[in-house]
>>> print(open('final_24.cif').read())   # mmCIF, C-alpha atoms
data_query
loop_
_atom_site.group_PDB
_atom_site.id
_atom_site.type_symbol
_atom_site.label_atom_id
_atom_site.label_comp_id
_atom_site.auth_asym_id
_atom_site.auth_seq_id
_atom_site.Cartn_x
_atom_site.Cartn_y
_atom_site.Cartn_z
ATOM 1 C CA SER A 6 -24.526 -52.017 -7.296
ATOM 2 C CA PHE A 7 -25.087 -53.367 -3.812
ATOM 3 C CA ARG A 8 -22.261 -52.887 -1.367
ATOM 4 C CA ALA A 9 -22.249 -54.807 1.872
ATOM 5 C CA CYS A 10 -19.702 -52.756 3.816
ATOM 6 C CA GLY A 11 -18.766 -49.094 3.839
ATOM 7 C CA CYS A 12 -19.908 -45.677 5.018
ATOM 8 C CA CYS A 13 -23.563 -44.761 4.951
ATOM 9 C CA ASP A 14 -26.284 -43.139 6.993
ATOM 10 C CA ASN A 15 -27.940 -44.704 10.008
ATOM 11 C CA ASN A 16 -29.969 -47.121 7.853
ATOM 12 C CA ASN A 17 -27.507 -49.925 8.534
ATOM 13 C CA ASN A 18 -28.751 -53.449 8.001
ATOM 14 C CA ILE A 19 -26.498 -56.467 8.436
ATOM 15 C CA LEU A 20 -27.716 -59.790 7.110
ATOM 16 C CA LYS A 21 -26.190 -62.905 8.609
ATOM 17 C CA LYS A 22 -25.565 -66.041 6.636
ATOM 18 C CA ASP A 23 -23.134 -68.867 7.429
ATOM 19 C CA ASN A 24 -21.603 -66.840 10.298
ATOM 20 C CA ARG A 25 -20.877 -63.976 7.920
ATOM 21 C CA TYR A 26 -22.442 -60.530 7.959
ATOM 22 C CA TYR A 27 -23.557 -58.592 4.891
ATOM 23 C CA ARG A 28 -24.152 -54.877 5.247
ATOM 24 C CA ASP A 29 -26.777 -53.058 3.214
ATOM 25 C CA ASP A 30 -25.002 -49.808 2.365
ATOM 26 C CA PHE A 31 -27.654 -48.179 0.211
ATOM 27 C CA ASN A 32 -28.655 -44.665 1.232
ATOM 28 C CA ASP A 33 -32.415 -44.424 0.885
ATOM 29 C CA SER A 34 -32.532 -41.019 2.582
ATOM 30 C CA PRO A 35 -33.109 -37.825 0.555
ATOM 31 C CA TRP A 36 -30.055 -35.827 -0.496
ATOM 32 C CA SER A 37 -31.590 -32.368 -0.076
ATOM 33 C CA CYS A 38 -29.907 -29.989 2.393
ATOM 34 C CA GLN A 39 -33.208 -29.084 3.968
ATOM 35 C CA PHE A 40 -33.982 -29.145 7.697
ATOM 36 C CA GLY A 41 -37.175 -30.765 8.884
ATOM 37 C CA THR A 42 -38.868 -34.005 9.883
ATOM 38 C CA THR A 43 -40.616 -34.963 6.634
ATOM 39 C CA GLU A 44 -39.421 -37.659 4.259
ATOM 40 C CA GLU A 45 -38.260 -35.006 1.771
ATOM 41 C CA ASP A 46 -35.947 -33.308 4.298
ATOM 42 C CA GLY A 47 -32.337 -34.419 4.040
ATOM 43 C CA ILE A 48 -31.295 -33.217 7.520
ATOM 44 C CA TRP A 49 -33.421 -34.296 10.455
ATOM 45 C CA MET A 50 -34.236 -31.371 12.743
ATOM 46 C CA ASN A 51 -37.431 -30.406 14.524
ATOM 47 C CA THR A 52 -38.070 -26.779 13.581
ATOM 48 C CA SER A 53 -41.721 -26.535 14.629
ATOM 49 C CA ASP A 54 -41.194 -26.465 18.399
ATOM 50 C CA GLN A 55 -39.718 -23.120 19.461
ATOM 51 C CA ALA A 56 -39.757 -24.057 23.156
ATOM 52 C CA GLY A 57 -37.797 -27.228 22.421
ATOM 53 C CA THR A 58 -35.267 -25.263 20.373
ATOM 54 C CA ILE A 59 -34.682 -22.863 23.272
ATOM 55 C CA MET A 60 -34.363 -25.701 25.806
ATOM 56 C CA SER A 61 -31.885 -27.616 23.650
ATOM 57 C CA MET A 62 -29.770 -24.478 23.236
ATOM 58 C CA PHE A 63 -29.939 -23.988 27.002
ATOM 59 C CA VAL A 64 -28.235 -27.367 27.455
ATOM 60 C CA TRP A 65 -25.268 -26.145 25.412
ATOM 61 C CA LEU A 66 -25.188 -22.914 27.408
ATOM 62 C CA LEU A 67 -25.070 -24.746 30.746
ATOM 63 C CA LEU A 68 -22.378 -27.216 29.701
ATOM 64 C CA GLY A 69 -20.343 -24.415 28.141
ATOM 65 C CA TYR A 70 -20.711 -22.384 31.328
ATOM 66 C CA SER A 71 -19.463 -25.280 33.450
ATOM 67 C CA SER A 72 -16.458 -25.837 31.164
ATOM 68 C CA VAL A 73 -15.477 -22.161 31.327
ATOM 69 C CA THR A 74 -15.823 -22.143 35.118
ATOM 70 C CA MET A 75 -13.616 -25.222 35.455
ATOM 71 C CA THR A 76 -11.057 -23.662 33.123
ATOM 72 C CA PHE A 77 -10.920 -20.488 35.234
ATOM 73 C CA LEU A 78 -10.656 -22.577 38.389
ATOM 74 C CA ALA A 79 -7.693 -24.495 36.955
ATOM 75 C CA TYR A 80 -6.087 -21.229 35.807
ATOM 76 C CA ARG A 81 -6.269 -19.904 39.376
ATOM 77 C CA GLY A 82 -4.796 -23.134 40.768
ATOM 78 C CA GLY A 83 -7.948 -24.371 42.468
ATOM 79 C CA ILE A 84 -7.868 -27.685 40.582
ATOM 80 C CA SER A 85 -5.246 -29.381 38.479
ATOM 81 C CA ILE A 86 -5.029 -28.721 34.764
ATOM 82 C CA THR A 87 -5.437 -32.445 34.120
ATOM 83 C CA SER A 88 -8.729 -32.493 36.030
ATOM 84 C CA ALA A 89 -10.004 -29.505 34.069
ATOM 85 C CA MET A 90 -9.005 -31.114 30.768
ATOM 86 C CA CYS A 91 -10.782 -34.363 31.686
ATOM 87 C CA TYR A 92 -13.886 -32.433 32.667
ATOM 88 C CA CYS A 93 -13.905 -30.431 29.434
ATOM 89 C CA LEU A 94 -13.430 -33.655 27.433
ATOM 90 C CA ASN A 95 -16.413 -35.155 29.226
ATOM 91 C CA CYS A 96 -18.457 -32.058 28.418
ATOM 92 C CA SER A 97 -17.418 -32.291 24.764
ATOM 93 C CA LEU A 98 -18.607 -35.916 24.575
ATOM 94 C CA SER A 99 -21.862 -34.917 26.238
ATOM 95 C CA LEU A 100 -22.436 -32.095 23.739
ATOM 96 C CA ALA A 101 -21.537 -34.356 20.818
ATOM 97 C CA SER A 102 -24.063 -36.925 22.061
ATOM 98 C CA HIS A 103 -26.645 -34.168 22.433
ATOM 99 C CA ALA A 104 -26.055 -33.000 18.862
ATOM 100 C CA LYS A 105 -26.353 -36.554 17.532
ATOM 101 C CA THR A 106 -29.574 -37.118 19.481
ATOM 102 C CA THR A 107 -31.043 -33.893 18.119
ATOM 103 C CA LEU A 108 -29.980 -34.341 14.485
ATOM 104 C CA THR A 109 -30.534 -38.090 14.132
ATOM 105 C CA ASP A 110 -33.723 -39.576 12.768
ATOM 106 C CA PRO A 111 -35.220 -41.314 15.837
ATOM 107 C CA GLY A 112 -36.777 -43.999 13.670
ATOM 108 C CA ALA A 113 -39.476 -42.170 11.712
ATOM 109 C CA ILE A 114 -41.562 -44.661 9.763
ATOM 110 C CA PRO A 115 -41.707 -43.878 6.021
ATOM 111 C CA ALA A 116 -44.834 -44.141 3.906
ATOM 112 C CA SER A 117 -43.307 -47.116 2.082
ATOM 113 C CA ALA A 118 -42.884 -49.145 5.304
ATOM 114 C CA VAL A 119 -44.163 -52.715 5.187
ATOM 115 C CA PRO A 120 -44.290 -55.434 7.856
ATOM 116 C CA THR A 121 -41.435 -57.888 8.088
ATOM 117 C CA GLU A 122 -41.977 -61.547 7.300
ATOM 118 C CA GLU A 123 -42.060 -62.476 10.990
ATOM 119 C CA GLN A 124 -44.654 -59.795 11.730
ATOM 120 C CA ARG A 125 -46.940 -61.065 8.981
ATOM 121 C CA LYS A 126 -46.980 -64.472 10.643
ATOM 122 C CA CYS A 127 -47.551 -63.716 14.312
ATOM 123 C CA VAL A 128 -48.209 -59.995 14.917
ATOM 124 C CA LYS A 129 -51.514 -58.147 14.671
ATOM 125 C CA LEU A 130 -50.844 -55.392 12.145
ATOM 126 C CA SER A 131 -52.118 -51.837 12.534
ATOM 127 C CA MET A 132 -52.094 -48.525 10.680
ATOM 128 C CA CYS A 133 -51.551 -44.992 11.987
ATOM 129 C CA SER A 134 -54.741 -42.969 11.611
ATOM 130 C CA GLN A 135 -52.762 -39.740 11.184
ATOM 131 C CA CYS A 136 -49.801 -40.823 9.027
ATOM 132 C CA GLN A 137 -51.800 -43.445 7.111
ATOM 133 C CA THR A 138 -48.758 -45.716 7.241
ATOM 134 C CA PHE A 139 -47.942 -49.096 8.739
ATOM 135 C CA LYS A 140 -47.510 -48.786 12.514
ATOM 136 C CA PRO A 141 -45.020 -51.309 13.955
ATOM 137 C CA PRO A 142 -45.359 -52.605 17.520
ATOM 138 C CA TYR A 143 -44.202 -50.167 20.252
ATOM 139 C CA SER A 144 -44.283 -47.234 17.815
ATOM 140 C CA HIS A 145 -46.215 -44.038 18.520
ATOM 141 C CA HIS A 146 -47.229 -40.923 16.623
ATOM 142 C CA CYS A 147 -45.524 -37.745 17.834
ATOM 143 C CA ARG A 148 -47.703 -34.685 17.363
ATOM 144 C CA ILE A 149 -44.650 -32.394 17.607
ATOM 145 C CA CYS A 150 -42.504 -34.147 15.001
ATOM 146 C CA ASN A 151 -45.688 -35.146 13.130
ATOM 147 C CA ARG A 152 -44.257 -38.604 12.412
ATOM 148 C CA CYS A 153 -44.715 -42.116 13.719
ATOM 149 C CA VAL A 154 -41.520 -43.134 15.526
ATOM 150 C CA SER A 155 -40.373 -46.718 15.950
ATOM 151 C CA ARG A 156 -39.975 -47.801 19.595
ATOM 152 C CA MET A 157 -40.703 -44.264 20.686
ATOM 153 C CA ASP A 158 -39.813 -43.765 24.338
ATOM 154 C CA HIS A 159 -40.863 -40.113 24.649
ATOM 155 C CA HIS A 160 -40.419 -36.697 23.079
ATOM 156 C CA CYS A 161 -37.640 -34.898 24.937
ATOM 157 C CA PRO A 162 -37.773 -31.073 24.817
ATOM 158 C CA TRP A 163 -34.151 -30.888 26.047
ATOM 159 C CA MET A 164 -33.139 -32.785 22.883
ATOM 160 C CA ASN A 165 -35.807 -31.090 20.742
ATOM 161 C CA ASN A 166 -36.452 -34.519 19.282
ATOM 162 C CA CYS A 167 -38.182 -37.810 19.896
ATOM 163 C CA ILE A 168 -36.254 -40.620 21.533
ATOM 164 C CA GLY A 169 -36.676 -43.789 19.526
ATOM 165 C CA ALA A 170 -34.819 -46.793 18.171
ATOM 166 C CA GLY A 171 -32.702 -44.649 15.845
ATOM 167 C CA ASN A 172 -31.157 -42.307 18.431
ATOM 168 C CA PHE A 173 -31.597 -44.201 21.690
ATOM 169 C CA LYS A 174 -27.859 -44.892 21.940
ATOM 170 C CA HIS A 175 -26.975 -41.205 21.596
ATOM 171 C CA PHE A 176 -29.551 -40.236 24.217
ATOM 172 C CA LEU A 177 -28.204 -42.827 26.656
ATOM 173 C CA LEU A 178 -24.632 -41.613 26.092
ATOM 174 C CA PHE A 179 -25.750 -38.032 26.690
ATOM 175 C CA LEU A 180 -27.270 -38.989 30.034
ATOM 176 C CA ILE A 181 -24.165 -40.929 31.067
ATOM 177 C CA TYR A 182 -21.702 -38.192 30.120
ATOM 178 C CA THR A 183 -23.838 -35.428 31.629
ATOM 179 C CA TRP A 184 -24.248 -37.434 34.828
ATOM 180 C CA SER A 185 -20.463 -37.926 34.895
ATOM 181 C CA CYS A 186 -19.975 -34.172 34.445
ATOM 182 C CA SER A 187 -22.211 -33.389 37.414
ATOM 183 C CA VAL A 188 -20.514 -35.982 39.633
ATOM 184 C CA GLY A 189 -17.061 -34.797 38.569
ATOM 185 C CA ALA A 190 -17.942 -31.154 39.145
ATOM 186 C CA LEU A 191 -19.363 -31.837 42.619
ATOM 187 C CA GLY A 192 -16.313 -33.913 43.504
ATOM 188 C CA LEU A 193 -13.832 -31.261 42.351
ATOM 189 C CA LEU A 194 -15.703 -28.396 43.987
ATOM 190 C CA THR A 195 -16.105 -30.321 47.248
ATOM 191 C CA TRP A 196 -12.402 -31.145 47.353
ATOM 192 C CA ASN A 197 -11.547 -27.537 46.582
ATOM 193 C CA TYR A 198 -13.827 -26.245 49.345
ATOM 194 C CA PHE A 199 -12.874 -28.635 52.156
ATOM 195 C CA TYR A 200 -9.301 -29.706 51.443
ATOM 196 C CA CYS A 201 -7.619 -26.767 49.744
ATOM 197 C CA ALA A 202 -5.945 -24.763 52.500
ATOM 198 C CA LYS A 203 -3.257 -23.049 50.431
ATOM 199 C CA GLU A 204 -3.122 -19.341 49.755
ATOM 200 C CA ASP A 205 -3.683 -20.175 46.083
ATOM 201 C CA CYS A 206 -7.213 -21.226 46.992
ATOM 202 C CA THR A 207 -8.254 -17.641 47.644
ATOM 203 C CA PHE A 208 -10.191 -16.593 44.570
ATOM 204 C CA PRO A 209 -11.683 -13.371 43.221
ATOM 205 C CA ILE A 210 -15.284 -12.669 44.103
ATOM 206 C CA VAL A 211 -16.390 -13.210 40.469
ATOM 207 C CA LEU A 212 -14.966 -16.740 40.377
ATOM 208 C CA VAL A 213 -16.508 -17.498 43.764
ATOM 209 C CA GLN A 214 -19.950 -16.571 42.437
ATOM 210 C CA LEU A 215 -19.380 -18.635 39.295
ATOM 211 C CA VAL A 216 -18.521 -21.668 41.419
ATOM 212 C CA ARG A 217 -21.574 -21.187 43.638
ATOM 213 C CA VAL A 218 -23.911 -21.077 40.648
ATOM 214 C CA MET A 219 -22.193 -24.097 39.153
ATOM 215 C CA THR A 220 -22.611 -26.032 42.404
ATOM 216 C CA VAL A 221 -26.375 -25.478 42.327
ATOM 217 C CA LEU A 222 -26.533 -26.449 38.655
ATOM 218 C CA SER A 223 -24.473 -29.587 39.279
ATOM 219 C CA VAL A 224 -26.771 -30.739 42.084
ATOM 220 C CA CYS A 225 -29.884 -30.184 39.945
ATOM 221 C CA THR A 226 -28.265 -31.900 36.964
ATOM 222 C CA PHE A 227 -27.189 -34.857 39.090
ATOM 223 C CA LEU A 228 -30.714 -35.397 40.425
ATOM 224 C CA PHE A 229 -32.354 -35.008 37.014
ATOM 225 C CA THR A 230 -29.953 -37.236 35.062
ATOM 226 C CA SER A 231 -29.992 -39.866 37.821
ATOM 227 C CA SER A 232 -33.770 -40.150 37.585
ATOM 228 C CA MET A 233 -33.637 -40.254 33.788
ATOM 229 C CA LEU A 234 -30.938 -42.932 33.809
ATOM 230 C CA MET A 235 -32.992 -45.082 36.168
ATOM 231 C CA ASN A 236 -35.987 -44.632 33.884
ATOM 232 C CA VAL A 237 -33.973 -45.578 30.790
ATOM 233 C CA VAL A 238 -32.330 -48.597 32.447
ATOM 234 C CA TYR A 239 -35.731 -49.784 33.628
ATOM 235 C CA GLY A 240 -37.041 -49.472 30.075
ATOM 236 C CA ILE A 241 -34.105 -51.507 28.717
ATOM 237 C CA MET A 242 -34.527 -54.239 31.341
ATOM 238 C CA THR A 243 -38.291 -54.543 30.885
ATOM 239 C CA GLY A 244 -38.530 -53.696 27.184
ATOM 240 C CA ILE A 245 -41.294 -51.183 27.943
ATOM 241 C CA GLY A 246 -40.821 -47.556 26.894
ATOM 242 C CA THR A 247 -41.993 -44.558 28.904
ATOM 243 C CA ILE A 248 -45.192 -44.007 26.898
ATOM 244 C CA ASP A 249 -46.151 -47.686 26.968
ATOM 245 C CA ARG A 250 -45.401 -47.884 30.689
ATOM 246 C CA LEU A 251 -47.644 -44.917 31.446
ATOM 247 C CA LYS A 252 -50.429 -46.447 29.358
ATOM 248 C CA LYS A 253 -50.106 -49.771 31.145
ATOM 249 C CA LYS A 254 -50.122 -48.055 34.525
ATOM 250 C CA SER A 255 -53.294 -46.158 33.666
ATOM 251 C CA THR A 256 -55.032 -49.408 32.723
ATOM 252 C CA MET A 257 -53.501 -51.387 35.611
ATOM 253 C CA THR A 258 -51.935 -53.904 33.209
ATOM 254 C CA LEU A 259 -48.234 -53.252 33.862
ATOM 255 C CA SER A 260 -47.880 -56.465 35.879
ATOM 256 C CA GLN A 261 -49.255 -58.447 32.936
ATOM 257 C CA SER A 262 -46.574 -57.265 30.512
ATOM 258 C CA THR A 263 -44.826 -59.938 28.450
ATOM 259 C CA GLU A 264 -42.197 -57.764 26.741
ATOM 260 C CA GLU A 265 -38.590 -58.953 26.740
ATOM 261 C CA SER A 266 -35.568 -56.868 27.672
ATOM 262 C CA ILE A 267 -33.832 -54.968 24.871
ATOM 263 C CA PRO A 268 -30.524 -56.610 23.825
ATOM 264 C CA MET A 269 -27.462 -54.382 23.951
ATOM 265 C CA LYS A 270 -26.772 -55.079 20.269
ATOM 266 C CA ASN A 271 -30.122 -53.464 19.441
ATOM 267 C CA ILE A 272 -28.907 -50.271 21.130
ATOM 268 C CA PHE A 273 -25.141 -50.102 20.532
ATOM 269 C CA GLY A 274 -24.934 -52.302 17.443
ATOM 270 C CA VAL A 275 -22.465 -55.047 16.596
ATOM 271 C CA GLY A 276 -19.449 -52.833 15.928
ATOM 272 C CA PRO A 277 -16.244 -52.847 18.015
ATOM 273 C CA LEU A 278 -16.638 -52.273 21.736
ATOM 274 C CA TYR A 279 -15.039 -48.816 21.641
ATOM 275 C CA THR A 280 -17.873 -47.590 19.404
ATOM 276 C CA TRP A 281 -20.263 -48.087 22.323
ATOM 277 C CA PHE A 282 -18.783 -45.034 24.032
ATOM 278 C CA LEU A 283 -18.684 -42.757 20.983
ATOM 279 C CA PRO A 284 -21.684 -40.784 19.629
ATOM 280 C CA ILE A 285 -21.589 -42.478 16.228
ATOM 281 C CA ASP A 286 -24.424 -44.333 14.538
ATOM 282 C CA PRO A 287 -24.616 -48.007 15.529
ATOM 283 C CA ILE A 288 -24.509 -50.820 12.981
ATOM 284 C CA PHE A 289 -27.452 -53.074 13.741
ATOM 285 C CA GLU A 290 -27.332 -56.796 13.117
ATOM 286 C CA ASP A 291 -30.863 -56.705 11.724
ATOM 287 C CA TYR A 292 -32.059 -53.179 10.993
ATOM 288 C CA ASP A 293 -35.573 -54.300 10.070
ATOM 289 C CA LYS A 294 -35.978 -56.197 13.338
ATOM 290 C CA VAL A 295 -34.749 -53.271 15.454
ATOM 291 C CA LEU A 296 -36.907 -50.683 13.690
ATOM 292 C CA GLY A 297 -39.887 -53.012 13.389
ATOM 293 C CA TYR A 298 -40.500 -52.590 9.661
ATOM 294 C CA SER A 299 -38.930 -53.025 6.259
ATOM 295 C CA THR A 300 -39.308 -51.370 2.852
ATOM 296 C CA PRO A 301 -39.836 -52.901 -0.586
ATOM 297 C CA GLN A 302 -36.451 -51.539 -1.676
ATOM 298 C CA ARG A 303 -34.599 -53.241 1.173
ATOM 299 C CA LEU A 304 -36.489 -56.500 0.714
ATOM 300 C CA LEU A 305 -35.611 -56.467 -2.995
ATOM 301 C CA ARG A 306 -31.905 -55.888 -2.300
ATOM 302 C CA GLU A 307 -31.917 -58.671 0.268
ATOM 303 C CA GLN A 308 -33.513 -61.065 -2.193
ATOM 304 C CA MET A 309 -31.037 -60.119 -4.930
ATOM 305 C CA MET A 310 -28.136 -60.597 -2.532
ATOM 306 C CA LYS A 311 -29.300 -64.105 -1.658
ATOM 307 C CA GLU A 312 -29.738 -65.085 -5.290
ATOM 308 C CA SER A 313 -26.733 -63.350 -6.882
ATOM 309 C CA PRO A 314 -23.794 -65.624 -7.758
ATOM 310 C CA ASN A 315 -21.432 -62.699 -8.524
ATOM 311 C CA VAL A 316 -19.864 -62.315 -5.108
ATOM 312 C CA TYR A 317 -16.228 -61.786 -4.290
ATOM 313 C CA GLU A 318 -14.751 -61.487 -0.847
ATOM 314 C CA ASN A 319 -12.255 -59.098 0.692
ATOM 315 C CA LYS A 320 -11.142 -60.445 4.065
ATOM 316 C CA ASP A 321 -9.165 -57.373 5.105
ATOM 317 C CA ASN A 322 -12.110 -55.962 7.070
ATOM 318 C CA ASP A 323 -11.993 -56.304 10.825
ATOM 319 C CA TYR A 324 -15.664 -55.877 11.698
ATOM 320 C CA PRO A 325 -16.679 -58.439 14.321
ATOM 321 C CA PRO A 326 -17.735 -61.115 14.052
ATOM 322 C CA SER A 327 -15.844 -61.630 10.795
ATOM 323 C CA VAL A 328 -17.600 -59.034 8.681
ATOM 324 C CA ILE A 329 -16.662 -59.706 5.057
ATOM 325 C CA SER A 330 -16.778 -56.972 2.455
ATOM 326 C CA GLN A 331 -18.818 -58.180 -0.483
ATOM 327 C CA TYR A 332 -20.175 -56.577 -3.608
ATOM 328 C CA ILE A 333 -23.107 -57.777 -5.627
ATOM 329 C CA GLN A 334 -23.665 -56.408 -9.123
ATOM 330 C CA VAL A 335 -27.274 -55.407 -9.754
#
>>> encode(input="final_24.cif", output="structure tokens")
Amino acid sequence: SFRACGCCDNNNNILKKDNRYYRDDFNDSPWSCQFGTTEEDGIWMNTSDQAGTIMSMFVWLLLGYSSVTMTFLAYRGGISITSAMCYCLNCSLSLASHAKTTLTDPGAIPASAVPTEEQRKCVKLSMCSQCQTFKPPYSHHCRICNRCVSRMDHHCPWMNNCIGAGNFKHFLLFLIYTWSCSVGALGLLTWNYFYCAKEDCTFPIVLVQLVRVMTVLSVCTFLFTSSMLMNVVYGIMTGIGTIDRLKKKSTMTLSQSTEESIPMKNIFGVGPLYTWFLPIDPIFEDYDKVLGYSTPQRLLREQMMKESPNVYENKDNDYPPSVISQYIQV
């Protein structure tokens, strides 16, 4: 059966007709509990890059270190317990976003990928010489993941994964929450250093050294995440990813670019607004359009949905705008 609403993996496709949205809930991903980046692996994880694995673990170590330091500082009365709790919550959201970025398929193009109907009409089609698969516009082959990735921005060693259309939201949330952690830490430590004149602000030498190290880390993190956020925002506004921008700069054709900005719904989906701030998979209005390809299985389900008369509606769903739960018997 074809179900238009419900829980599924990140292959969410919503088809709009008469101001109603139909969600393709089929799970085309493999069910094997095997880590890797091939089509047979059920859990996406890059296991071939040892340096990337170490760097991604280092991110967890640094954020955990900062949370422990803030907790000790609150225990000694240097900052309020509420401030420490807010900081630790921010760190938790940052780590959750990091985990989702690392373990989410960035948009790897399967061997069964085919061009969409719009691409057949007006886009020059190409094939990947290494994957031997259809290569959508703005996609690139990653030699580390050994897959072509849709709308690939770059391969991030700190995430140990490529950044593409499938996990771009999680990567952006990670940058925002990590940037917020660095700003919050610098603000709290600055206030504690300049404005805390009580006897309670005298701390053991171990805690003093922890705070000093954390101050250096916060400054470095603030500078790094600020530059990355500016790079990401520029890519969203111009519609040009990091790899494409570097290529255009090398050929002096950046000023001749005709790409359009990326709509927010193609990053955060069409779900409720609160889902924008949570590291959960977005529900795209048109999955094929966002990823730049379709598959024969999805095209067949779409055709059967349009032609099937056996549809009943359940209007209890609250997905905007007026998502209606429908089931089509196949």
>>> resolve_selection(input="final_24.cif", expression="the PyMOL selection byres ((chain A and resi 282-287) around 12)", output="count of residues only")
56
>>> atom_distance(input="final_24.cif", atom1="CA of Ser117 in chain A", atom2="CA of Ile168 in chain A")
21.7 Å
>>> atom_distance(input="final_24.cif", atom1="CA of Lys253 in chain A", atom2="CA of Pro142 in chain A")
14.7 Å
>>> closest_residue(input="final_24.cif", among="A:Cys91, A:Cys225, A:Leu304, A:Met164", to="Gly57 in chain A", atoms="all atoms listed in the file")
A:Met164
>>> resolve_selection(input="final_24.cif", expression="the PyMOL selection byres ((chain A and resi 167) around 8)", output="PyMOL selection string")
chain A and resi 111+147+150+154+157-161+164-166+168-169
>>> resolve_selection(input="final_24.cif", expression="the PyMOL selection byres ((chain A and resi 215) around 10)", output="ChimeraX atom specification")
/A:70-71,73-75,77-78,210-214,216-220
>>> atom_distance(input="final_24.cif", atom1="CA of Thr42 in chain A", atom2="CA of Val64 in chain A")
21.6 Å
>>> axis_aligned_box(input="final_24.cif", around="range 282-299 of chain A", padding_each_side="8 Å", output="lines of an AutoDock Vina configuration file")
center_x = -29.6
center_y = -48.8
center_z = 15.1
size_x = 37.8
size_y = 32.0
size_z = 33.8
>>> closest_residue(input="final_24.cif", among="A:Ser299, A:Gln308, A:Gln39, A:Ser260", to="Glu122 in chain A", atoms="all atoms listed in the file")
A:Ser299
>>> residues_around(input="final_24.cif", residues="Thr138 in chain A", least_positions_apart="3", cutoff="10 Å", atoms="only C-alpha atoms", output="list of chain:residue names")
A:Ile114, A:Pro115, A:Ala116, A:Ser117, A:Ala118, A:Val119, A:Ser131, A:Met132, A:Cys133, A:Ser134, A:Gln135, A:Pro141, A:Arg152, A:Cys153
>>> build_atoms(input="final_24.cif", residues="range 34-45 of chain A", atoms="N, CA, C and O atoms", output="CSV table (one decimal), keeping the file's coordinate frame")
chain,number,residue,atom,x,y,z
A,34,SER,N,-32.1,-42.3,2.1
A,34,SER,CA,-32.5,-41.0,2.6
A,34,SER,C,-32.4,-40.0,1.5
A,34,SER,O,-31.6,-40.1,0.6
A,35,PRO,N,-33.2,-38.9,1.6
A,35,PRO,CA,-33.1,-37.8,0.6
A,35,PRO,C,-31.8,-37.1,0.7
A,35,PRO,O,-31.2,-37.0,1.7
A,36,TRP,N,-31.3,-36.5,-0.4
A,36,TRP,CA,-30.1,-35.8,-0.5
A,36,TRP,C,-30.2,-34.3,-0.4
A,36,TRP,O,-29.2,-33.6,-0.4
A,37,SER,N,-31.4,-33.8,-0.2
A,37,SER,CA,-31.6,-32.4,-0.1
A,37,SER,C,-31.0,-31.8,1.2
A,37,SER,O,-31.2,-32.5,2.3
A,38,CYS,N,-30.4,-30.6,1.2
A,38,CYS,CA,-29.9,-30.0,2.4
A,38,CYS,C,-31.0,-29.1,3.0
A,38,CYS,O,-30.9,-27.9,3.1
A,39,GLN,N,-32.1,-29.8,3.4
A,39,GLN,CA,-33.2,-29.1,4.0
A,39,GLN,C,-33.5,-29.6,5.3
A,39,GLN,O,-33.6,-30.8,5.6
A,40,PHE,N,-33.7,-28.7,6.3
A,40,PHE,CA,-34.0,-29.1,7.7
A,40,PHE,C,-35.5,-29.4,7.9
A,40,PHE,O,-36.3,-28.6,7.4
A,41,GLY,N,-35.8,-30.5,8.6
A,41,GLY,CA,-37.2,-30.8,8.9
A,41,GLY,C,-37.3,-32.2,9.3
A,41,GLY,O,-36.4,-32.9,9.6
A,42,THR,N,-38.6,-32.6,9.4
A,42,THR,CA,-38.9,-34.0,9.9
A,42,THR,C,-39.7,-34.8,8.9
A,42,THR,O,-40.2,-35.9,9.2
A,43,THR,N,-39.9,-34.2,7.7
A,43,THR,CA,-40.6,-35.0,6.6
A,43,THR,C,-39.7,-35.9,5.9
A,43,THR,O,-38.4,-35.8,6.0
A,44,GLU,N,-40.2,-36.7,5.0
A,44,GLU,CA,-39.4,-37.7,4.3
A,44,GLU,C,-38.6,-36.9,3.2
A,44,GLU,O,-37.6,-37.5,2.7
A,45,GLU,N,-39.0,-35.7,2.8
A,45,GLU,CA,-38.3,-35.0,1.8
A,45,GLU,C,-37.1,-34.2,2.4
A,45,GLU,O,-36.2,-33.8,1.6
